[in-house]
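Source file: start-v3.json; contents: JSON, C-alpha atoms.
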[["chain", "number", "residue", "atom", "x", "y", "z"],
["L", 1, "MET", "CA", -14.96, 5.94, -15.73],
["L", 2, "ASP", "CA", -11.64, 6.77, -13.97],
["L", 3, "PHE", "CA", -13.23, 5.82, -10.65],
["L", 4, "ILE", "CA", -14.55, 2.47, -11.96],
["L", 5, "ALA", "CA", -11.27, 1.56, -13.68],
["L", 6, "GLY", "CA", -9.28, 2.49, -10.60],
["L", 7, "ALA", "CA", -11.52, 0.38, -8.35],
["L", 8, "ILE", "CA", -11.14, -2.75, -10.47],
["L", 9, "GLY", "CA", -7.39, -2.29, -10.83],
["L", 10, "GLY", "CA", -6.93, -1.70, -7.10],
["L", 11, "GLY", "CA", -8.93, -4.78, -6.09],
["L", 12, "VAL", "CA", -7.01, -7.06, -8.47],
["L", 13, "SER", "CA", -3.62, -5.76, -7.33],
["L", 14, "ALA", "CA", -4.49, -6.09, -3.62],
["L", 15, "ALA", "CA", -5.42, -9.75, -4.01],
["L", 16, "VAL", "CA", -2.25, -10.48, -6.02],
["L", 17, "GLY", "CA", 0.22, -8.84, -3.64],
["L", 18, "TYR", "CA", -1.31, -9.48, -0.20],
["L", 19, "PRO", "CA", 0.78, -12.51, 0.92],
["L", 20, "LEU", "CA", 4.03, -10.63, 0.27],
["L", 21, "ASP", "CA", 2.60, -7.56, 2.01],
["L", 22, "THR", "CA", 2.00, -9.66, 5.14],
["L", 23, "VAL", "CA", 5.61, -10.88, 5.09],
["L", 24, "LYS", "CA", 6.83, -7.30, 4.57],
["L", 25, "VAL", "CA", 4.85, -5.95, 7.54],
["L", 26, "ARG", "CA", 6.05, -8.72, 9.85],
["L", 27, "ILE", "CA", 9.68, -8.14, 8.89],
["L", 28, "GLN", "CA", 9.31, -4.39, 9.41],
["L", 29, "THR", "CA", 7.63, -4.59, 12.81],
["L", 30, "GLU", "CA", 9.34, -7.60, 14.42],
["L", 31, "THR", "CA", 12.97, -8.48, 15.10],
["L", 32, "SER", "CA", 12.47, -12.26, 15.40],
["L", 33, "TYR", "CA", 12.80, -12.90, 11.67],
["L", 34, "ARG", "CA", 16.25, -13.34, 10.10],
["L", 35, "GLY", "CA", 15.03, -12.57, 6.61],
["L", 36, "ILE", "CA", 12.28, -13.01, 4.03],
["L", 37, "TRP", "CA", 12.50, -16.80, 3.72],
["L", 38, "HIS", "CA", 12.70, -17.30, 7.47],
["L", 39, "CYS", "CA", 9.51, -15.26, 7.88],
["L", 40, "ILE", "CA", 7.71, -17.15, 5.09],
["L", 41, "ILE", "CA", 8.71, -20.58, 6.43],
["L", 42, "LYS", "CA", 7.94, -19.72, 10.07],
["L", 43, "THR", "CA", 4.55, -18.23, 9.16],
["L", 44, "TYR", "CA", 3.61, -21.24, 7.05],
["L", 45, "ARG", "CA", 4.71, -23.77, 9.70],
["L", 46, "THR", "CA", 2.79, -22.14, 12.53],
["L", 47, "GLU", "CA", -0.21, -20.61, 10.75],
["L", 48, "SER", "CA", -0.43, -22.44, 7.41],
["L", 49, "VAL", "CA", -1.49, -20.58, 4.24],
["L", 50, "SER", "CA", -4.17, -18.61, 6.09],
["L", 51, "GLY", "CA", -1.42, -16.77, 7.99],
["L", 52, "PHE", "CA", -0.52, -14.88, 4.84],
["L", 53, "TYR", "CA", -4.08, -13.70, 4.26],
["L", 54, "ARG", "CA", -5.10, -12.17, 7.59],
["L", 55, "GLY", "CA", -7.23, -9.10, 6.88],
["L", 56, "VAL", "CA", -7.28, -9.70, 3.11],
["L", 57, "SER", "CA", -11.05, -9.23, 2.65],
["L", 58, "MET", "CA", -11.12, -5.70, 4.02],
["L", 59, "THR", "CA", -7.92, -4.84, 2.19],
["L", 60, "VAL", "CA", -9.33, -5.88, -1.19],
["L", 61, "VAL", "CA", -12.52, -3.86, -0.59],
["L", 62, "SER", "CA", -10.73, -0.80, 0.85],
["L", 63, "THR", "CA", -7.99, -0.87, -1.79],
["L", 64, "SER", "CA", -10.60, -0.99, -4.55],
["L", 65, "PHE", "CA", -12.31, 2.05, -3.07],
["L", 66, "ILE", "CA", -9.08, 3.94, -2.34],
["L", 67, "SER", "CA", -7.60, 3.14, -5.75],
["L", 68, "SER", "CA", -10.80, 4.37, -7.39],
["L", 69, "PHE", "CA", -10.67, 7.51, -5.26],
["L", 70, "SER", "CA", -6.95, 8.05, -6.00],
["L", 71, "PHE", "CA", -7.24, 7.79, -9.77],
["L", 72, "GLY", "CA", -10.35, 9.96, -9.81],
["L", 73, "VAL", "CA", -8.79, 12.64, -7.57],
["L", 74, "TYR", "CA", -5.52, 12.54, -9.53],
["L", 75, "LYS", "CA", -7.30, 13.09, -12.85],
["L", 76, "ASN", "CA", -9.38, 15.92, -11.36],
["L", 77, "PHE", "CA", -6.31, 17.61, -9.88],
["L", 78, "LEU", "CA", -4.54, 17.33, -13.25],
["L", 79, "TYR", "CA", -7.61, 18.65, -15.09],
["L", 80, "ASN", "CA", -7.87, 21.72, -12.84],
["L", 81, "ILE", "CA", -4.11, 22.38, -12.83],
["L", 82, "CYS", "CA", -4.06, 22.47, -16.65],
["L", 83, "LYS", "CA", -7.17, 24.64, -16.73],
["L", 84, "ILE", "CA", -5.67, 27.17, -14.31],
["L", 85, "ARG", "CA", -2.13, 27.20, -15.76],
["L", 86, "TYR", "CA", -2.86, 26.97, -19.46],
["L", 87, "GLY", "CA", -6.48, 28.04, -19.76],
["L", 88, "SER", "CA", -7.43, 24.66, -21.23],
["L", 89, "ALA", "CA", -7.82, 21.22, -19.66],
["L", 90, "ASP", "CA", -6.86, 19.64, -23.00],
["L", 91, "ARG", "CA", -3.26, 20.87, -22.81],
["L", 92, "LYS", "CA", -0.63, 18.20, -22.13],
["L", 93, "PRO", "CA", 0.47, 18.53, -18.48],
["L", 94, "SER", "CA", 4.12, 19.12, -17.67],
["L", 95, "LYS", "CA", 6.19, 16.87, -15.40],
["L", 96, "VAL", "CA", 5.73, 19.42, -12.59],
["L", 97, "ASP", "CA", 1.95, 19.30, -13.07],
["L", 98, "VAL", "CA", 1.93, 15.49, -12.90],
["L", 99, "SER", "CA", 4.17, 15.48, -9.80],
["L", 100, "PHE", "CA", 2.05, 18.07, -7.99],
["L", 101, "ALA", "CA", -1.21, 16.26, -8.82],
["L", 102, "GLY", "CA", 0.31, 12.99, -7.58],
["L", 103, "CYS", "CA", 1.58, 14.58, -4.36],
["L", 104, "ALA", "CA", -1.80, 16.20, -3.66],
["L", 105, "THR", "CA", -3.57, 12.88, -4.31],
["L", 106, "GLY", "CA", -1.26, 11.11, -1.84],
["L", 107, "ALA", "CA", -2.01, 13.74, 0.82],
["L", 108, "VAL", "CA", -5.79, 13.66, 0.37],
["L", 109, "ARG", "CA", -6.14, 9.88, 0.49],
["L", 110, "VAL", "CA", -4.42, 9.62, 3.90],
["L", 111, "LEU", "CA", -7.75, 10.52, 5.52],
["L", 112, "LEU", "CA", -9.35, 7.45, 3.96],
["L", 113, "ILE", "CA", -6.49, 4.99, 4.02],
["L", 114, "SER", "CA", -5.28, 5.36, 7.62],
["L", 115, "PRO", "CA", -8.03, 3.33, 9.38],
["L", 116, "ALA", "CA", -7.78, 0.57, 6.77],
["L", 117, "GLU", "CA", -3.97, 0.52, 7.07],
["L", 118, "ILE", "CA", -3.94, 0.20, 10.86],
["L", 119, "ALA", "CA", -6.50, -2.63, 10.77],
["L", 120, "LYS", "CA", -4.45, -4.40, 8.09],
["L", 121, "VAL", "CA", -1.21, -4.10, 10.08],
["L", 122, "ARG", "CA", -2.77, -5.25, 13.37],
["L", 123, "LEU", "CA", -4.32, -8.30, 11.68],
["L", 124, "GLN", "CA", -1.14, -9.15, 9.77],
["L", 125, "ILE", "CA", 1.06, -9.19, 12.87],
["L", 126, "GLN", "CA", -1.51, -11.10, 14.94],
["L", 127, "LYS", "CA", -0.34, -14.66, 15.45],
["L", 128, "GLN", "CA", -2.90, -17.45, 15.41],
["L", 129, "THR", "CA", -1.53, -20.99, 15.38],
["L", 130, "HIS", "CA", -3.24, -23.21, 12.85],
["L", 131, "PRO", "CA", -5.14, -26.13, 14.53],
["L", 132, "LEU", "CA", -3.38, -28.71, 12.34],
["L", 133, "THR", "CA", -0.01, -27.70, 13.77],
["L", 134, "LEU", "CA", -1.12, -28.37, 17.37],
["L", 135, "PRO", "CA", -1.60, -31.64, 19.28],
["L", 136, "SER", "CA", -5.21, -32.79, 19.21],
["L", 137, "HIS", "CA", -5.80, -31.86, 22.87],
["L", 138, "LEU", "CA", -4.56, -28.27, 22.41],
["L", 139, "PHE", "CA", -6.19, -25.42, 20.58],
["L", 140, "ALA", "CA", -5.01, -21.93, 19.79],
["L", 141, "SER", "CA", -6.29, -19.21, 22.09],
["L", 142, "LYS", "CA", -8.93, -16.90, 20.66],
["L", 143, "PRO", "CA", -7.26, -14.04, 18.75],
["L", 144, "LYS", "CA", -7.74, -10.48, 20.00],
["L", 145, "TYR", "CA", -9.00, -9.28, 16.64],
["L", 146, "GLN", "CA", -11.62, -11.49, 14.99],
["L", 147, "GLY", "CA", -11.80, -9.61, 11.72],
["L", 148, "ALA", "CA", -11.26, -6.17, 10.24],
["L", 149, "VAL", "CA", -14.45, -4.56, 11.59],
["L", 150, "HIS", "CA", -13.88, -6.05, 15.06],
["L", 151, "CYS", "CA", -10.30, -4.77, 14.94],
["L", 152, "LEU", "CA", -11.44, -1.22, 14.18],
["L", 153, "ARG", "CA", -14.01, -1.37, 16.99],
["L", 154, "MET", "CA", -11.41, -2.61, 19.47],
["L", 155, "ILE", "CA", -8.95, 0.14, 18.48],
["L", 156, "VAL", "CA", -11.61, 2.83, 19.03],
["L", 157, "LYS", "CA", -12.63, 1.24, 22.34],
["L", 158, "GLU", "CA", -9.08, 0.93, 23.70],
["L", 159, "GLU", "CA", -7.29, 3.87, 22.09],
["L", 160, "GLY", "CA", -10.06, 6.27, 21.14],
["L", 161, "PHE", "CA", -11.00, 7.51, 17.68],
["L", 162, "GLY", "CA", -7.51, 8.97, 17.29],
["L", 163, "GLY", "CA", -6.16, 5.41, 17.40],
["L", 164, "LEU", "CA", -7.46, 4.92, 13.86],
["L", 165, "TYR", "CA", -5.04, 7.61, 12.71],
["L", 166, "LYS", "CA", -1.97, 6.42, 14.57],
["L", 167, "GLY", "CA", 1.01, 6.70, 12.24],
["L", 168, "SER", "CA", -0.87, 9.06, 9.91],
["L", 169, "MET", "CA", 2.01, 11.57, 9.82],
["L", 170, "ALA", "CA", 4.37, 8.82, 8.66],
["L", 171, "LEU", "CA", 1.69, 7.75, 6.17],
["L", 172, "LEU", "CA", 1.42, 11.34, 4.91],
["L", 173, "CYS", "CA", 5.20, 11.57, 4.49],
["L", 174, "ARG", "CA", 5.19, 8.21, 2.70],
["L", 175, "ASP", "CA", 2.32, 8.85, 0.32],
["L", 176, "CYS", "CA", 2.99, 12.45, -0.73],
["L", 177, "HIS", "CA", 6.38, 11.93, -2.35],
["L", 178, "SER", "CA", 5.82, 8.30, -3.38],
["L", 179, "ALA", "CA", 2.56, 9.13, -5.18],
["L", 180, "ALA", "CA", 4.32, 11.99, -6.99],
["L", 181, "ILE", "CA", 7.11, 9.64, -8.13],
["L", 182, "PHE", "CA", 4.58, 6.91, -8.94],
["L", 183, "PHE", "CA", 2.46, 8.98, -11.33],
["L", 184, "LEU", "CA", 5.44, 10.88, -12.77],
["L", 185, "THR", "CA", 7.34, 7.67, -13.59],
["L", 186, "TYR", "CA", 4.28, 6.14, -15.23],
["L", 187, "SER", "CA", 3.61, 9.28, -17.28],
["L", 188, "VAL", "CA", 7.23, 9.66, -18.46],
["L", 189, "LEU", "CA", 7.66, 5.99, -19.39],
["L", 190, "CYS", "CA", 4.34, 5.92, -21.26],
["L", 191, "ASP", "CA", 5.41, 9.00, -23.25],
["L", 192, "TRP", "CA", 8.73, 7.36, -24.13],
["L", 193, "LEU", "CA", 7.10, 4.07, -25.14],
["L", 194, "THR", "CA", 4.22, 5.52, -27.17],
["L", 195, "PRO", "CA", 4.91, 5.05, -30.91],
["L", 196, "ALA", "CA", 5.05, 8.18, -33.08],
["L", 197, "GLY", "CA", 1.64, 9.05, -34.46],
["L", 198, "LYS", "CA", -0.26, 7.41, -31.59],
["L", 199, "ASP", "CA", -1.84, 9.23, -28.66],
["L", 200, "LYS", "CA", -1.84, 6.20, -26.34],
["L", 201, "PRO", "CA", 0.77, 3.55, -25.46],
["L", 202, "ASP", "CA", 0.26, -0.11, -26.30],
["L", 203, "LEU", "CA", -0.85, -2.33, -23.42],
["L", 204, "TRP", "CA", 2.60, -3.96, -23.14],
["L", 205, "ALA", "CA", 4.00, -0.46, -22.55],
["L", 206, "VAL", "CA", 1.34, 0.12, -19.90],
["L", 207, "LEU", "CA", 2.39, -3.10, -18.14],
["L", 208, "LEU", "CA", 6.07, -2.14, -18.16],
["L", 209, "SER", "CA", 5.46, 1.49, -17.17],
["L", 210, "GLY", "CA", 3.09, 0.52, -14.36],
["L", 211, "GLY", "CA", 5.49, -2.06, -12.96],
["L", 212, "CYS", "CA", 8.46, 0.34, -13.02],
["L", 213, "ALA", "CA", 6.36, 3.14, -11.49],
["L", 214, "GLY", "CA", 5.40, 0.80, -8.64],
["L", 215, "VAL", "CA", 9.01, -0.22, -7.97],
["L", 216, "LEU", "CA", 10.27, 3.38, -7.85],
["L", 217, "GLY", "CA", 7.29, 4.64, -5.87],
["L", 218, "TRP", "CA", 7.50, 1.89, -3.23],
["L", 219, "GLY", "CA", 11.29, 1.96, -3.18],
["L", 220, "THR", "CA", 11.31, 5.60, -2.10],
["L", 221, "ALA", "CA", 8.38, 4.98, 0.26],
["L", 222, "THR", "CA", 10.08, 2.18, 2.23],
["L", 223, "PRO", "CA", 11.72, 4.24, 5.04],
["L", 224, "MET", "CA", 8.43, 5.93, 6.00],
["L", 225, "ASP", "CA", 6.57, 2.66, 5.37],
["L", 226, "VAL", "CA", 8.71, 1.01, 8.08],
["L", 227, "ILE", "CA", 8.01, 3.84, 10.54],
["L", 228, "LYS", "CA", 4.31, 3.85, 9.69],
["L", 229, "ALA", "CA", 4.02, 0.08, 10.26],
["L", 230, "ARG", "CA", 5.87, 0.26, 13.58],
["L", 231, "MET", "CA", 3.70, 3.09, 14.87],
["L", 232, "GLN", "CA", 0.49, 1.35, 13.80],
["L", 233, "ALA", "CA", 1.59, -1.96, 15.35],
["L", 234, "ASP", "CA", 2.23, -0.12, 18.61],
["L", 235, "GLY", "CA", -0.90, -1.08, 20.59],
["L", 236, "GLU", "CA", -2.10, 0.58, 23.76],
["L", 237, "SER", "CA", -0.95, -2.35, 25.91],
["L", 238, "GLN", "CA", 2.60, -2.23, 24.59],
["L", 239, "ARG", "CA", 3.14, 1.42, 23.70],
["L", 240, "ARG", "CA", 6.73, 2.21, 22.74],
["L", 241, "TYR", "CA", 6.61, 5.29, 20.53],
["L", 242, "SER", "CA", 5.37, 8.74, 21.50],
["L", 243, "GLY", "CA", 5.47, 10.07, 17.95],
["L", 244, "LEU", "CA", 7.07, 10.01, 14.50],
["L", 245, "ILE", "CA", 10.46, 11.46, 15.51],
["L", 246, "HIS", "CA", 10.68, 9.21, 18.57],
["L", 247, "CYS", "CA", 9.93, 6.14, 16.43],
["L", 248, "VAL", "CA", 12.61, 7.07, 13.86],
["L", 249, "ARG", "CA", 15.21, 7.87, 16.52],
["L", 250, "ASP", "CA", 14.50, 4.79, 18.65],
["L", 251, "SER", "CA", 14.45, 2.42, 15.65],
["L", 252, "ILE", "CA", 17.77, 3.73, 14.31],
["L", 253, "ARG", "CA", 19.37, 3.68, 17.78],
["L", 254, "GLN", "CA", 18.43, 0.03, 18.34],
["L", 255, "GLU", "CA", 18.90, -1.43, 14.85],
["L", 256, "GLY", "CA", 20.95, 1.08, 12.87],
["L", 257, "VAL", "CA", 20.05, 3.10, 9.77],
["L", 258, "ARG", "CA", 19.44, -0.08, 7.77],
["L", 259, "VAL", "CA", 16.20, -0.59, 9.74],
["L", 260, "LEU", "CA", 14.64, 2.09, 7.50],
["L", 261, "PHE", "CA", 15.15, -0.18, 4.51],
["L", 262, "LYS", "CA", 13.61, -3.33, 5.98],
["L", 263, "GLY", "CA", 11.32, -4.81, 3.39],
["L", 264, "LEU", "CA", 12.84, -2.79, 0.52],
["L", 265, "GLY", "CA", 13.42, -5.92, -1.56],
["L", 266, "LEU", "CA", 9.93, -7.25, -0.83],
["L", 267, "ASN", "CA", 8.36, -3.87, -1.60],
["L", 268, "SER", "CA", 10.11, -3.83, -4.97],
["L", 269, "ILE", "CA", 9.27, -7.46, -5.81],
["L", 270, "ARG", "CA", 5.64, -6.99, -4.79],
["L", 271, "ALA", "CA", 5.29, -3.57, -6.41],
["L", 272, "PHE", "CA", 6.12, -4.62, -9.98],
["L", 273, "PRO", "CA", 3.34, -7.20, -10.59],
["L", 274, "THR", "CA", 0.71, -5.45, -8.43],
["L", 275, "ASN", "CA", 1.13, -2.01, -10.03],
["L", 276, "MET", "CA", 1.54, -3.58, -13.44],
["L", 277, "MET", "CA", -1.95, -5.02, -12.89],
["L", 278, "VAL", "CA", -3.29, -1.73, -11.48],
["L", 279, "PHE", "CA", -2.41, 0.28, -14.58],
["L", 280, "PHE", "CA", -3.13, -2.51, -17.06],
["L", 281, "THR", "CA", -6.63, -3.02, -15.64],
["L", 282, "TYR", "CA", -7.16, 0.73, -15.35],
["L", 283, "GLU", "CA", -6.21, 1.40, -18.99],
["L", 284, "ALA", "CA", -8.06, -1.68, -20.28],
["L", 285, "VAL", "CA", -11.31, -0.66, -18.53],
["L", 286, "LEU", "CA", -10.96, 2.94, -19.76],
["L", 287, "ARG", "CA", -10.43, 1.79, -23.35],
["L", 288, "LEU", "CA", -13.32, -0.64, -23.12],
["L", 289, "GLY", "CA", -15.54, 2.15, -21.81],
["L", 290, "GLU", "CA", -14.51, 4.43, -24.69],
["L", 291, "ARG", "CA", -15.38, 1.73, -27.23],
["L", 292, "LEU", "CA", -18.78, 1.11, -25.67],
["L", 293, "VAL", "CA", -19.59, 4.84, -25.71],
["L", 294, "LYS", "CA", -18.75, 5.16, -29.43]]

Do you think you could lay out the structure here as structure tokens?
Amino acid sequence: MDFIAGAIGGGVSAAVGYPLDTVKVRIQTETSYRGIWHCIIKTYRTESVSGFYRGVSMTVVSTSFISSFSFGVYKNFLYNICKIRYGSADRKPSKVDVSFAGCATGAVRVLLISPAEIAKVRLQIQKQTHPLTLPSHLFASKPKYQGAVHCLRMIVKEEGFGGLYKGSMALLCRDCHSAAIFFLTYSVLCDWLTPAGKDKPDLWAVLLSGGCAGVLGWGTATPMDVIKARMQADGESQRRYSGLIHCVRDSIRQEGVRVLFKGLGLNSIRAFPTNMMVFFTYEAVLRLGERLVK
């Protein structure tokens, strides 16, 4: 049931937050935008609404699968940690247990998420002028990537299979600590907001806890998220970075330390509603499943 609930929650959240994610990626990987509103206005004027949804179909599908996988793996890690440490899986896990299970989940899912992430980034930064914004005798040139699957095929063809895992070290650094903070924050807030005598928080508490967990998790993930996006946007024809350290050093040298916090505001704004929906849907589906079983 954890896998099913996680899949539904992940798909809903991906659809809700995708336009802001596109803006975030463009701000992180390009220097032509002066800020969030400039990026939104420029994207809308040149590419219309569709510009905010490039690669959304694959992202919804992959996020559903990865979210399902993440929640399932997290619960299994927590189950086994409690069984090994306390001799019983029914014991309440400590904050260290929750953090370790979250960190391990973040590390394991990198293998699955990296190809989907690089396709998402490449499609989001790909510019394709909307026909309505052009004179009638002009048409936009055919985009390099004509969809998520075509994008993955082109990356393998031009950069080899390893191209699908470009930026994976930055992704690993991002997801390990952010997943630990994400699950720990949610667990602690739910404990605080659960009324005495109840074993589960009310759904309003789930909404608040999930939103806050998303903000803290993505807030701490932003520096490595910037580096990850830049490395994944770095195509074979315009290679700039030889590795993680080179990308960090070169980005800071050219734009200062503040470059590591590009998109921090957007990450926080996007994280609250999307993760609020993730946990709300997850808990609602779990509770519905429990009622149906009884």

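Closest approach to L:Gly162 among L:Gln232, L:Gly72, L:Ala89, L:Ile81 is made by L:Gln232 (distances from only C-alpha atoms).
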
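The space separating atom CA of L:Leu164 from atom CA of L:His177 comes to 22.4 Å.
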
re atom CA of L:Lys228 and atom CA of L:Leu264: distance 14.2 Å

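Of the residues under consideration (L:Pro93, L:Tyr18, L:Gln124, L:Leu292), L:Pro93 shows the shortest atom-to-atom contact distance to L:Asp191 when counting only C-alpha atoms.
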
If we count all atoms listed in the file and set the cut-off at 12 Å, which residues sit around L:Cys247, ignoring sequence neighbours fewer than 2 positions away in its own chain? Please answer as a ChimeraX atom specification.
/L:29,167,169-170,223-224,226-234,239-245,249-255,259-260

Pairwise distance for atom CA of L:Ala116 and atom CA of L:Tyr145, rounded to one decimal in Å:
14.0 Å

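Distances here use only C-alpha atoms; by that measure, the residue among L:Cys212, L:Cys151, L:Val98, L:Ile27 closest to L:Gly163 is L:Cys151.
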
Taking into account all atoms listed in the file, which residue in the set L:Cys173, L:Ile269, L:Val188, L:Leu288 is nearest to L:Asp225?
L:Cys173

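Shortest separation to L:Arg287 among L:Val110, L:Leu203, L:Ile66, L:Cys190 occurs at residue L:Leu203, atoms counted being all atoms listed in the file.
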
Top pick for closest residue to L:Ala101, considering L:Trp204, L:Tyr86, L:Phe279, L:Tyr79 and counting only C-alpha atoms
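Once distances to L:Ala101 are computed over only C-alpha atoms, the minimum belongs to L:Tyr79.
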
Contact residues around L:Arg270 with all atoms listed in the file at 8 Å, ignoring same-chain residues under 4 positions, as a list of chain:residue names
L:Gly17, L:Leu20, L:Asp21, L:Leu266, L:Thr274

Skip L:Thr105 itself and residues of its chain fewer than 4 positions away, then list as a ChimeraX atom specification all residues within 12 Å of it, counting only C-alpha atoms.
/L:66-78,98-101,109-113,172,175-183
